[in-house]
$ cat upload_9.tsv   # TSV, C-alpha atoms
chain	number	residue	atom	x	y	z
A	1	MET	CA	138.85	156.39	113.99
A	2	ALA	CA	142.00	154.24	114.14
A	3	SER	CA	141.19	152.99	117.61
A	4	SER	CA	137.61	152.28	116.57
A	5	ALA	CA	138.82	150.28	113.57
A	6	ALA	CA	141.22	148.33	115.80
A	7	SER	CA	138.39	147.60	118.19
A	8	ASN	CA	136.19	146.32	115.37
A	9	PHE	CA	139.06	144.18	114.06
A	10	TYR	CA	139.48	142.46	117.39
A	11	GLN	CA	135.75	141.97	117.83
A	12	GLU	CA	135.53	140.21	114.49
A	13	ASP	CA	138.69	138.07	114.46
A	14	ILE	CA	139.57	137.57	118.11
A	15	SER	CA	139.77	134.04	119.54
A	16	MET	CA	140.65	134.81	123.16
A	17	ILE	CA	141.70	137.82	125.19
A	18	TYR	CA	143.49	137.71	128.53
A	19	VAL	CA	142.79	140.14	131.33
A	20	GLY	CA	144.99	140.75	134.36
A	21	ILE	CA	143.74	142.86	137.26
A	22	ASP	CA	145.88	144.06	140.15
A	23	ALA	CA	143.40	144.88	142.93
A	24	ALA	CA	143.91	147.56	145.57
A	25	LYS	CA	141.81	149.38	148.14
A	26	ARG	CA	140.76	152.42	146.12
A	27	LYS	CA	141.56	151.52	142.51
A	28	HIS	CA	142.35	148.54	140.32
A	29	ASP	CA	144.84	148.39	137.45
A	30	CYS	CA	143.95	146.33	134.39
A	31	CYS	CA	145.94	144.97	131.48
A	32	ILE	CA	144.28	143.27	128.49
A	33	LEU	CA	146.27	141.14	126.04
A	34	ASP	CA	145.14	140.23	122.54
A	35	PRO	CA	145.49	136.60	121.32
A	36	GLN	CA	149.09	137.24	120.24
A	37	GLY	CA	149.98	138.60	123.69
A	38	LYS	CA	150.16	142.22	122.62
A	39	PRO	CA	148.88	144.49	125.42
A	40	TYR	CA	146.30	147.19	125.10
A	41	PRO	CA	147.20	150.32	127.09
A	42	VAL	CA	147.04	149.53	130.81
A	43	PHE	CA	144.28	151.49	132.53
A	44	SER	CA	142.96	152.03	136.04
A	45	PHE	CA	139.41	152.11	137.35
A	46	SER	CA	138.08	153.03	140.77
A	47	ASN	CA	136.81	150.52	143.30
A	48	SER	CA	133.25	151.80	142.97
A	49	HIS	CA	130.06	151.21	141.01
A	50	ASP	CA	131.05	153.79	138.38
A	51	GLY	CA	134.53	152.31	138.18
A	52	PHE	CA	133.18	148.80	137.62
A	53	GLN	CA	130.82	150.07	134.92
A	54	ALA	CA	133.73	151.82	133.16
A	55	PHE	CA	135.74	148.59	133.30
A	56	PHE	CA	132.95	146.46	131.83
A	57	GLN	CA	132.33	149.02	129.10
A	58	LYS	CA	136.02	148.98	128.16
A	59	LEU	CA	136.20	145.17	128.32
A	60	PHE	CA	133.12	144.53	126.19
A	61	SER	CA	134.18	147.14	123.63
A	62	ILE	CA	137.22	144.92	122.98
A	63	CYS	CA	135.38	141.59	123.15
A	64	SER	CA	131.64	141.14	123.62
A	65	ASP	CA	131.77	137.32	123.76
A	66	LYS	CA	132.20	136.21	127.37
A	67	GLY	CA	133.36	132.80	126.18
A	68	GLN	CA	136.42	134.43	124.62
A	69	ILE	CA	137.54	136.21	127.80
A	70	LYS	CA	139.83	134.89	130.53
A	71	ILE	CA	140.32	137.06	133.60
A	72	GLY	CA	143.01	136.71	136.26
A	73	LEU	CA	142.50	138.48	139.58
A	74	GLU	CA	145.12	138.51	142.29
A	75	ALA	CA	143.58	137.25	145.55
A	76	THR	CA	144.21	140.24	147.80
A	77	GLY	CA	141.64	139.56	150.51
A	78	PRO	CA	138.90	142.17	151.01
A	79	TYR	CA	140.27	144.52	148.32
A	80	SER	CA	139.42	142.09	145.51
A	81	GLU	CA	136.22	140.64	146.98
A	82	ASN	CA	133.66	143.07	145.56
A	83	LEU	CA	135.26	143.09	142.13
A	84	PHE	CA	135.35	139.29	142.14
A	85	ASN	CA	131.63	139.17	142.97
A	86	ALA	CA	130.86	141.65	140.18
A	87	LEU	CA	132.77	139.50	137.66
A	88	VAL	CA	131.03	136.30	138.73
A	89	ASP	CA	127.62	137.98	138.70
A	90	ARG	CA	128.22	138.72	135.02
A	91	SER	CA	129.14	135.08	134.36
A	92	LEU	CA	132.72	135.95	133.46
A	93	PRO	CA	135.35	133.23	133.95
A	94	VAL	CA	137.65	134.34	136.77
A	95	LEU	CA	140.95	132.89	137.98
A	96	ARG	CA	141.78	133.89	141.55
A	97	ILE	CA	145.56	133.74	141.69
A	98	ASN	CA	147.72	133.48	144.79
A	99	PRO	CA	149.96	136.61	145.06
A	100	LEU	CA	152.96	134.33	145.71
A	101	LEU	CA	152.42	132.65	142.33
A	102	VAL	CA	152.27	136.06	140.65
A	103	LYS	CA	155.50	137.10	142.38
A	104	ASN	CA	157.26	133.91	141.28
A	105	PHE	CA	155.97	134.28	137.74
A	106	LYS	CA	157.25	137.86	137.56
A	107	SER	CA	160.65	136.72	138.79
A	108	SER	CA	160.81	134.12	136.03
A	109	MET	CA	160.12	136.81	133.42
A	110	SER	CA	162.85	139.23	134.47
A	111	LEU	CA	165.72	139.58	136.93
A	112	ARG	CA	164.86	143.25	137.49
A	113	ARG	CA	163.05	144.00	140.71
A	114	THR	CA	160.19	146.11	139.39
A	115	LYS	CA	157.08	146.61	141.52
A	116	THR	CA	154.28	148.79	140.19
A	117	ASP	CA	150.57	148.12	139.93
A	118	LYS	CA	150.64	148.35	136.14
A	119	VAL	CA	153.55	145.92	135.87
A	120	ASP	CA	151.72	143.53	138.20
A	121	ALA	CA	148.54	143.74	136.11
A	122	GLN	CA	150.50	142.92	132.95
A	123	ALA	CA	152.23	139.99	134.69
A	124	ILE	CA	148.86	138.60	135.79
A	125	ALA	CA	147.50	138.88	132.24
A	126	GLN	CA	150.59	137.16	130.85
A	127	MET	CA	150.26	134.45	133.50
A	128	VAL	CA	146.64	133.84	132.48
A	129	LYS	CA	147.70	133.55	128.84
A	130	GLU	CA	150.58	131.15	129.46
A	131	LYS	CA	149.27	129.13	132.40
A	132	GLY	CA	145.52	129.63	132.18
A	133	ASP	CA	144.87	126.02	131.20
A	134	SER	CA	146.58	124.80	134.37
A	135	LEU	CA	144.63	127.20	136.59
A	136	GLN	CA	141.05	126.58	137.69
A	137	THR	CA	138.32	129.08	136.98
A	138	TYR	CA	135.67	129.63	139.61
A	139	SER	CA	132.48	127.68	138.94
A	140	ALA	CA	129.04	128.65	140.21
A	141	SER	CA	129.32	126.04	142.97
A	142	LEU	CA	132.64	127.52	144.10
A	143	TYR	CA	131.09	130.97	144.16
A	144	HIS	CA	128.28	129.81	146.46
A	145	MET	CA	130.79	127.95	148.64
A	146	GLU	CA	132.34	131.33	149.43
A	147	GLU	CA	129.39	131.99	151.76
A	148	LEU	CA	129.99	128.75	153.62
A	149	LYS	CA	133.71	129.52	153.78
A	150	SER	CA	133.00	132.93	155.30
A	151	LEU	CA	130.77	131.36	157.93
A	152	THR	CA	133.20	128.59	158.90
A	153	ARG	CA	136.14	130.97	159.15
A	154	TYR	CA	134.05	133.41	161.18
A	155	ARG	CA	133.08	130.53	163.47
A	156	LEU	CA	136.77	129.74	164.04
A	157	LYS	CA	137.35	133.38	164.92
A	158	LEU	CA	134.52	133.28	167.46
A	159	VAL	CA	135.85	130.04	168.97
A	160	GLY	CA	139.25	131.70	169.36
A	161	GLU	CA	137.68	134.73	171.06
A	162	GLN	CA	135.72	132.49	173.40
A	163	SER	CA	138.83	130.51	174.34
A	164	LYS	CA	140.72	133.68	175.25
A	165	LEU	CA	137.81	134.91	177.36
A	166	ARG	CA	137.61	131.59	179.20
A	167	VAL	CA	141.31	131.75	179.99
A	168	SER	CA	140.68	135.18	181.51
A	169	VAL	CA	137.81	133.77	183.59
A	170	SER	CA	140.06	131.01	184.96
A	171	ARG	CA	142.74	133.56	185.81
A	172	LEU	CA	140.31	135.82	187.66
A	173	VAL	CA	138.67	132.97	189.59
A	174	THR	CA	142.14	131.83	190.71
A	175	ILE	CA	142.64	135.28	192.19
A	176	LEU	CA	139.15	135.86	193.63
A	177	PHE	CA	137.95	132.40	194.72
A	178	PRO	CA	140.57	129.69	194.00
A	179	GLU	CA	138.71	126.98	195.98
A	180	LEU	CA	135.78	126.99	193.55
A	181	GLU	CA	137.57	124.92	190.88
A	182	SER	CA	137.88	121.93	193.24
A	183	LEU	CA	134.13	121.97	193.90
A	184	VAL	CA	132.93	121.71	190.29
A	185	SER	CA	133.91	119.67	187.22
A	186	ARG	CA	134.66	122.83	185.24
A	187	LEU	CA	134.21	126.57	185.62
A	188	HIS	CA	132.35	127.01	182.34
A	189	LEU	CA	129.17	125.22	183.35
A	190	ALA	CA	126.11	127.42	182.83
A	191	SER	CA	125.26	127.24	186.53
A	192	ILE	CA	128.75	128.33	187.65
A	193	GLN	CA	128.86	131.17	185.13
A	194	ALA	CA	125.47	132.41	186.38
A	195	LEU	CA	126.74	132.15	189.96
A	196	LEU	CA	129.87	134.18	189.25
A	197	ILE	CA	127.97	136.86	187.33
A	198	GLU	CA	125.70	137.28	190.36
A	199	TRP	CA	128.45	137.03	193.02
A	200	PRO	CA	131.87	137.59	191.37
A	201	GLY	CA	134.04	137.00	194.44
A	202	HIS	CA	134.28	134.86	197.56
A	203	GLN	CA	133.19	137.66	199.89
A	204	GLN	CA	129.91	138.20	198.00
A	205	LEU	CA	129.23	134.45	198.06
A	206	ALA	CA	130.04	134.21	201.77
A	207	ASP	CA	127.47	136.91	202.56
A	208	CYS	CA	124.73	135.91	200.06
A	209	ASN	CA	121.38	134.35	200.96
A	210	LEU	CA	121.71	130.53	200.94
A	211	LYS	CA	118.19	129.97	199.63
A	212	ARG	CA	118.79	132.36	196.73
A	213	LEU	CA	122.12	130.65	195.96
A	214	THR	CA	120.41	127.23	196.02
A	215	ASN	CA	117.64	128.34	193.68
A	216	LEU	CA	120.10	129.85	191.21
A	217	LEU	CA	122.21	126.69	191.07
A	218	LYS	CA	119.16	124.45	190.77
A	219	LYS	CA	117.68	126.56	187.94
A	220	HIS	CA	120.82	126.87	185.79
A	221	SER	CA	122.00	123.29	186.36
A	222	ARG	CA	118.51	121.91	185.62
A	223	GLY	CA	118.34	120.25	188.97
A	224	GLN	CA	121.85	118.78	188.95
A	225	PHE	CA	122.99	121.06	191.78
A	226	GLY	CA	120.92	121.69	194.89
A	227	LYS	CA	121.27	122.74	198.50
A	228	PRO	CA	124.28	120.50	199.33
A	229	LYS	CA	126.33	122.07	196.55
A	230	ALA	CA	125.21	125.56	197.62
A	231	ILE	CA	126.30	124.88	201.21
A	232	ALA	CA	129.67	123.53	200.08
A	233	ILE	CA	130.33	126.58	197.90
A	234	GLN	CA	129.34	129.04	200.61
A	235	GLN	CA	131.43	127.33	203.28
A	236	ALA	CA	134.45	127.35	200.93
A	237	ALA	CA	133.83	131.04	200.24
A	238	ARG	CA	133.87	131.86	203.97
A	239	GLN	CA	137.28	130.22	204.35
A	240	SER	CA	138.73	131.34	201.02
A	241	ILE	CA	142.24	132.72	200.68
A	242	GLY	CA	141.13	134.67	197.62
A	243	ARG	CA	141.69	138.35	197.17
A	244	VAL	CA	138.90	140.89	197.75
A	245	SER	CA	139.08	143.17	194.70
A	246	PRO	CA	136.11	145.18	193.39
A	247	SER	CA	137.99	145.88	190.15
A	248	LYS	CA	138.74	142.19	189.52
A	249	SER	CA	135.16	141.26	190.40
A	250	LEU	CA	133.87	143.77	187.87
A	251	GLU	CA	136.26	142.40	185.24
A	252	LEU	CA	135.09	138.84	185.97
A	253	ARG	CA	131.41	139.75	185.68
A	254	GLN	CA	131.91	141.58	182.38
A	255	THR	CA	134.15	138.85	180.96
A	256	LEU	CA	131.51	136.22	181.72
A	257	LYS	CA	128.88	138.33	179.99
A	258	LYS	CA	131.13	138.51	176.93
A	259	VAL	CA	131.48	134.72	176.99
A	260	ALA	CA	127.69	134.44	176.92
A	261	TYR	CA	127.39	136.92	174.04
A	262	VAL	CA	130.00	135.06	171.99
A	263	GLN	CA	128.18	131.77	172.66
A	264	GLN	CA	124.95	133.30	171.34
A	265	ASP	CA	126.78	134.37	168.18
A	266	LEU	CA	128.28	130.88	167.84
A	267	ASP	CA	124.87	129.25	168.16
A	268	GLU	CA	123.50	131.50	165.41
A	269	VAL	CA	126.44	130.88	163.09
A	270	GLU	CA	126.38	127.13	163.64
A	271	ALA	CA	122.65	126.99	162.93
A	272	GLN	CA	123.22	128.73	159.58
A	273	ILE	CA	126.16	126.43	158.80
A	274	LYS	CA	123.95	123.39	159.47
A	275	GLU	CA	121.26	124.77	157.17
A	276	MET	CA	123.76	125.33	154.35
A	277	VAL	CA	125.42	121.93	154.77
A	278	ASP	CA	122.04	120.17	154.80
A	279	SER	CA	121.24	121.75	151.43
A	280	LEU	CA	124.43	120.26	149.92
A	281	HIS	CA	123.54	116.62	150.75
A	282	SER	CA	127.24	115.75	150.86
A	283	PRO	CA	128.16	112.09	151.47
A	284	ILE	CA	131.23	113.07	153.52
A	285	LEU	CA	128.94	113.56	156.53
A	286	ASP	CA	128.24	109.82	156.45
A	287	ILE	CA	131.77	109.15	157.75
A	288	PRO	CA	131.55	108.51	161.52
A	289	GLY	CA	133.25	111.36	163.36
A	290	ILE	CA	132.68	114.07	160.74
A	291	GLY	CA	129.94	116.38	161.95
A	292	TYR	CA	128.50	119.62	160.65
A	293	THR	CA	131.25	122.00	161.76
A	294	THR	CA	134.21	119.91	160.60
A	295	GLY	CA	132.42	118.75	157.45
A	296	ALA	CA	131.42	122.32	156.65
A	297	MET	CA	135.04	123.50	156.90
A	298	ILE	CA	136.22	120.75	154.57
A	299	LEU	CA	133.48	121.43	152.01
A	300	ALA	CA	133.99	125.19	152.19
A	301	GLU	CA	137.77	125.11	151.81
A	302	VAL	CA	137.74	122.51	149.01
A	303	GLY	CA	134.84	124.15	147.23
A	304	ASP	CA	134.41	121.83	144.27
A	305	PHE	CA	136.22	118.50	144.47
A	306	ASN	CA	136.10	118.24	140.68
A	307	ARG	CA	138.49	121.16	140.27
A	308	PHE	CA	141.29	118.82	141.39
A	309	ALA	CA	142.52	116.32	138.81
A	310	ASN	CA	143.19	113.70	141.49
A	311	ALA	CA	143.49	113.19	145.23
A	312	ASP	CA	147.20	114.07	145.14
A	313	LYS	CA	146.32	117.54	143.84
A	314	LEU	CA	143.91	117.96	146.75
A	315	LEU	CA	146.62	116.85	149.17
A	316	ALA	CA	148.98	119.41	147.69
A	317	PHE	CA	146.31	122.11	147.99
A	318	SER	CA	145.96	121.31	151.69
A	319	GLY	CA	149.75	121.37	152.13
A	320	MET	CA	149.91	117.77	153.32
A	321	SER	CA	151.90	116.31	150.44
A	322	PRO	CA	155.57	115.54	151.22
A	323	SER	CA	158.24	117.85	149.83
A	324	LYS	CA	160.65	116.38	147.28
A	325	TYR	CA	164.37	116.94	147.02
A	326	GLU	CA	166.45	115.46	144.23
A	327	SER	CA	169.90	116.53	143.05
A	328	GLY	CA	171.99	114.51	140.64
A	329	GLU	CA	171.83	110.91	141.77
A	330	PHE	CA	170.58	111.81	145.24
A	331	LYS	CA	166.91	111.34	145.96
A	332	GLY	CA	165.53	112.33	149.34
A	333	THR	CA	163.29	109.76	150.98
A	334	THR	CA	162.16	111.63	154.10
A	335	GLY	CA	160.55	114.73	152.64
A	336	LYS	CA	158.77	116.81	155.26
A	337	MET	CA	155.19	117.90	154.81
A	338	GLU	CA	155.05	121.06	152.70
A	339	LYS	CA	152.48	122.85	154.90
A	340	ARG	CA	151.59	125.25	152.12
A	341	GLY	CA	148.22	125.83	150.53
A	342	SER	CA	145.10	126.21	152.65
A	343	SER	CA	145.96	126.20	156.35
A	344	TYR	CA	142.22	126.16	157.13
A	345	LEU	CA	141.73	122.96	155.11
A	346	ARG	CA	144.77	121.39	156.74
A	347	TYR	CA	143.36	122.24	160.18
A	348	ALA	CA	139.96	120.80	159.25
A	349	LEU	CA	141.48	117.58	157.92
A	350	TYR	CA	143.61	117.09	161.03
A	351	THR	CA	140.60	117.74	163.25
A	352	ALA	CA	138.58	115.25	161.21
A	353	ALA	CA	141.44	112.72	161.39
A	354	LYS	CA	141.39	112.84	165.19
A	355	LEU	CA	137.67	112.18	165.23
A	356	VAL	CA	137.48	109.44	162.59
A	357	SER	CA	140.38	107.66	164.32
A	358	GLN	CA	138.05	107.26	167.29
A	359	PHE	CA	134.66	106.63	165.68
A	360	ALA	CA	135.20	105.13	162.20
A	361	PRO	CA	136.48	101.51	162.37
A	362	GLN	CA	138.19	101.84	158.97
A	363	PHE	CA	140.36	104.73	160.17
A	364	LYS	CA	140.68	103.55	163.75
A	365	SER	CA	142.37	100.31	162.65
A	366	TYR	CA	144.58	102.25	160.22
A	367	TYR	CA	145.67	104.60	163.00
A	368	GLN	CA	146.41	101.68	165.31
A	369	LYS	CA	148.44	100.04	162.55
A	370	LYS	CA	150.61	103.13	162.18
A	371	ARG	CA	151.11	103.37	165.93
A	372	ALA	CA	152.11	99.71	165.99
A	373	GLU	CA	154.77	100.63	163.43
A	374	GLN	CA	156.23	102.96	166.11
A	375	LYS	CA	154.99	106.08	164.34
A	376	PRO	CA	154.69	109.09	166.71
A	377	TYR	CA	151.16	110.31	167.41
A	378	ASN	CA	151.26	113.27	165.03
A	379	VAL	CA	152.88	111.24	162.25
A	380	ALA	CA	150.26	108.48	162.60
A	381	LEU	CA	147.56	111.13	162.55
A	382	SER	CA	149.01	112.66	159.39
A	383	HIS	CA	148.75	109.25	157.69
A	384	VAL	CA	145.10	109.05	158.73
A	385	ALA	CA	144.50	112.58	157.40
A	386	LYS	CA	146.00	111.62	154.02
A	387	LYS	CA	143.94	108.43	153.81
A	388	LEU	CA	140.85	110.42	154.80
A	389	THR	CA	141.58	113.00	152.08
A	390	ARG	CA	141.61	110.28	149.43
A	391	VAL	CA	138.28	108.92	150.70
A	392	LEU	CA	136.81	112.44	150.77
A	393	TYR	CA	138.00	113.06	147.22
A	394	LYS	CA	136.30	109.90	145.97
A	395	LEU	CA	133.04	110.75	147.74
A	396	GLY	CA	133.16	114.36	146.61
A	397	THR	CA	133.77	113.57	142.94
A	398	THR	CA	131.44	110.58	142.60
A	399	GLY	CA	128.68	111.53	145.03
A	400	GLU	CA	128.60	107.91	146.20
A	401	ALA	CA	127.56	107.02	149.75
A	402	TYR	CA	130.34	106.23	152.20
A	403	GLN	CA	131.12	102.50	152.38
A	404	PRO	CA	133.52	101.48	155.19
A	405	GLN	CA	136.41	99.34	154.01
A	406	ALA	CA	139.12	97.38	155.72
A	407	ALA	CA	142.30	99.37	156.46
$ encode --input "upload_9.tsv" --output "structure tokens"
Amino acid sequence: MASSAASNFYQEDISMIYVGIDAAKRKHDCCILDPQGKPYPVFSFSNSHDGFQAFFQKLFSICSDKGQIKIGLEATGPYSENLFNALVDRSLPVLRINPLLVKNFKSSMSLRRTKTDKVDAQAIAQMVKEKGDSLQTYSASLYHMEELKSLTRYRLKLVGEQSKLRVSVSRLVTILFPELESLVSRLHLASIQALLIEWPGHQQLADCNLKRLTNLLKKHSRGQFGKPKAIAIQQAARQSIGRVSPSKSLELRQTLKKVAYVQQDLDEVEAQIKEMVDSLHSPILDIPGIGYTTGAMILAEVGDFNRFANADKLLAFSGMSPSKYESGEFKGTTGKMEKRGSSYLRYALYTAAKLVSQFAPQFKSYYQKKRAEQKPYNVALSHVAKKLTRVLYKLGTTGEAYQPQAA
């Protein structure tokens, strides 16, 4: 009866409750604070449908008004993802908090080194209560951007896999048929990959039918290569110093097939990214040099430009703002870039800076100006990236079309 009366009291007079959740693989620990900061008993619930239902039942028994609830969830990768989705699906305001911030906040509360899930949950709840106004809740647009973020990060993973496979192809060709590289512009042409899958070694090429070799090259190069190229390749194969190795030839054939499979996956992912970016109608794609893949990464990692109070906040989020050091009367003037925050966003901005420095007159002249000031290449590029970030912020917050300006 006493607990029921307490529950009714809080439902009637509560102004805001603060929820901290420490997520883990199999269970989550939750601490709920009343408006005065007094905690309810910390409880655990399983990472399952029944566990989520038990959590929501407990939460809404304390406060049924979603507008009076603030929830902090430590961003622990895949362990918190399903719970996060469940919270957003119920239109609950969620703060995804960097674990490093939680650790620092705990350290500021006590000098004791205490690490338990329940203590962490209480620290997160206290952090939401004290710093909730300075933290950004996830909006509906941010939630939907998670899909685009997943796609762009997955694309980067596929690109990395493809690069490693191509390095392996180059290594194997150097062993099996080193003369081939001097006969073509690059090994990763579709026609050369098809050739090596069919004849993965100089001995096989030396003994193959010339007409069949010619037809294969002509088909996969769309007529660019014909009989002269086939003759040149076969003659080089007959005089090759390459090693005859059935095991290496098998490895080359299978590696090339993997390259083709990864490329198919990339094409599918990039098509879906293009479809999602087209639906956003973002003006940042109007900047010469920013295409679908780079633009998608920027949009996905930023999420909602309006969640940043100004462009400097966005720079800090990307880790490109300079560090500051002041002590007494000393003030540092050469602060290095912090390189904290989103490494993916920082990578996307640097990639975009390289491209806009070539294709957008506004940024090209700015880059040239920095180089004329004797700035090293990477330093000049960092200046372009910062200038670009400010332009992106303006476009993202206003929705205005891109208008080139003088540097």
$ closest_residue --input "upload_9.tsv" --among "A:Leu158, A:Cys30, A:Leu92, A:Leu256" --to "A:Lys118" --atoms "only C-alpha atoms"
A:Cys30
$ closest_residue --input "upload_9.tsv" --among "A:Tyr402, A:Trp199, A:Tyr367, A:Phe225" --to "A:Ser249" --atoms "all atoms listed in the file"
A:Trp199
$ atom_distance --input "upload_9.tsv" --atom1 "atom CA of A:Leu381" --atom2 "atom CA of A:Gln358"
11.3 Å
$ closest_residue --input "upload_9.tsv" --among "A:Arg307, A:Lys227, A:Arg371, A:Arg155" --to "A:Ala271" --atoms "only C-alpha atoms"
A:Arg155
$ closest_residue --input "upload_9.tsv" --among "A:Gln122, A:Thr398, A:Arg222, A:Gln235" --to "A:Leu210" --atoms "all atoms listed in the file"
A:Gln235
$ closest_residue --input "upload_9.tsv" --among "A:Gln263, A:Thr174, A:Ser365, A:Asn104" --to "A:Gly242" --atoms "only C-alpha atoms"
A:Thr174
$ build_atoms --input "upload_9.tsv" --residues "stretch 223-235 of chain A" --atoms "N, CA and C atoms" --output "mmCIF file, in the frame of the given file"
data_model
loop_
_atom_site.group_PDB
_atom_site.id
_atom_site.type_symbol
_atom_site.label_atom_id
_atom_site.label_comp_id
_atom_site.auth_asym_id
_atom_site.auth_seq_id
_atom_site.Cartn_x
_atom_site.Cartn_y
_atom_site.Cartn_z
ATOM 1 N N GLY A 223 118.546 121.187 187.883
ATOM 2 C CA GLY A 223 118.340 120.250 188.970
ATOM 3 C C GLY A 223 119.552 119.431 189.363
ATOM 4 N N GLN A 224 120.662 119.566 188.636
ATOM 5 C CA GLN A 224 121.850 118.780 188.950
ATOM 6 C C GLN A 224 122.466 119.213 190.282
ATOM 7 N N PHE A 225 122.471 120.527 190.530
ATOM 8 C CA PHE A 225 122.990 121.060 191.780
ATOM 9 C C PHE A 225 121.824 121.506 192.658
ATOM 10 N N GLY A 226 121.949 121.270 193.947
ATOM 11 C CA GLY A 226 120.920 121.690 194.890
ATOM 12 C C GLY A 226 121.529 122.305 196.126
ATOM 13 N N LYS A 227 120.840 122.120 197.250
ATOM 14 C CA LYS A 227 121.270 122.740 198.500
ATOM 15 C C LYS A 227 122.626 122.248 198.985
ATOM 16 N N PRO A 228 122.944 120.950 198.867
ATOM 17 C CA PRO A 228 124.280 120.500 199.330
ATOM 18 C C PRO A 228 125.423 121.204 198.613
ATOM 19 N N LYS A 229 125.266 121.390 197.305
ATOM 20 C CA LYS A 229 126.330 122.070 196.550
ATOM 21 C C LYS A 229 126.399 123.544 196.958
ATOM 22 N N ALA A 230 125.238 124.158 197.199
ATOM 23 C CA ALA A 230 125.210 125.560 197.620
ATOM 24 C C ALA A 230 125.913 125.731 198.965
ATOM 25 N N ILE A 231 125.653 124.813 199.896
ATOM 26 C CA ILE A 231 126.300 124.880 201.210
ATOM 27 C C ILE A 231 127.807 124.721 201.093
ATOM 28 N N ALA A 232 128.236 123.769 200.250
ATOM 29 C CA ALA A 232 129.670 123.530 200.080
ATOM 30 C C ALA A 232 130.370 124.743 199.497
ATOM 31 N N ILE A 233 129.732 125.403 198.535
ATOM 32 C CA ILE A 233 130.330 126.580 197.900
ATOM 33 C C ILE A 233 130.407 127.737 198.904
ATOM 34 N N GLN A 234 129.339 127.933 199.662
ATOM 35 C CA GLN A 234 129.340 129.040 200.610
ATOM 36 C C GLN A 234 130.349 128.824 201.739
ATOM 37 N N GLN A 235 130.444 127.607 202.218
ATOM 38 C CA GLN A 235 131.430 127.330 203.280
ATOM 39 C C GLN A 235 132.858 127.548 202.763
#
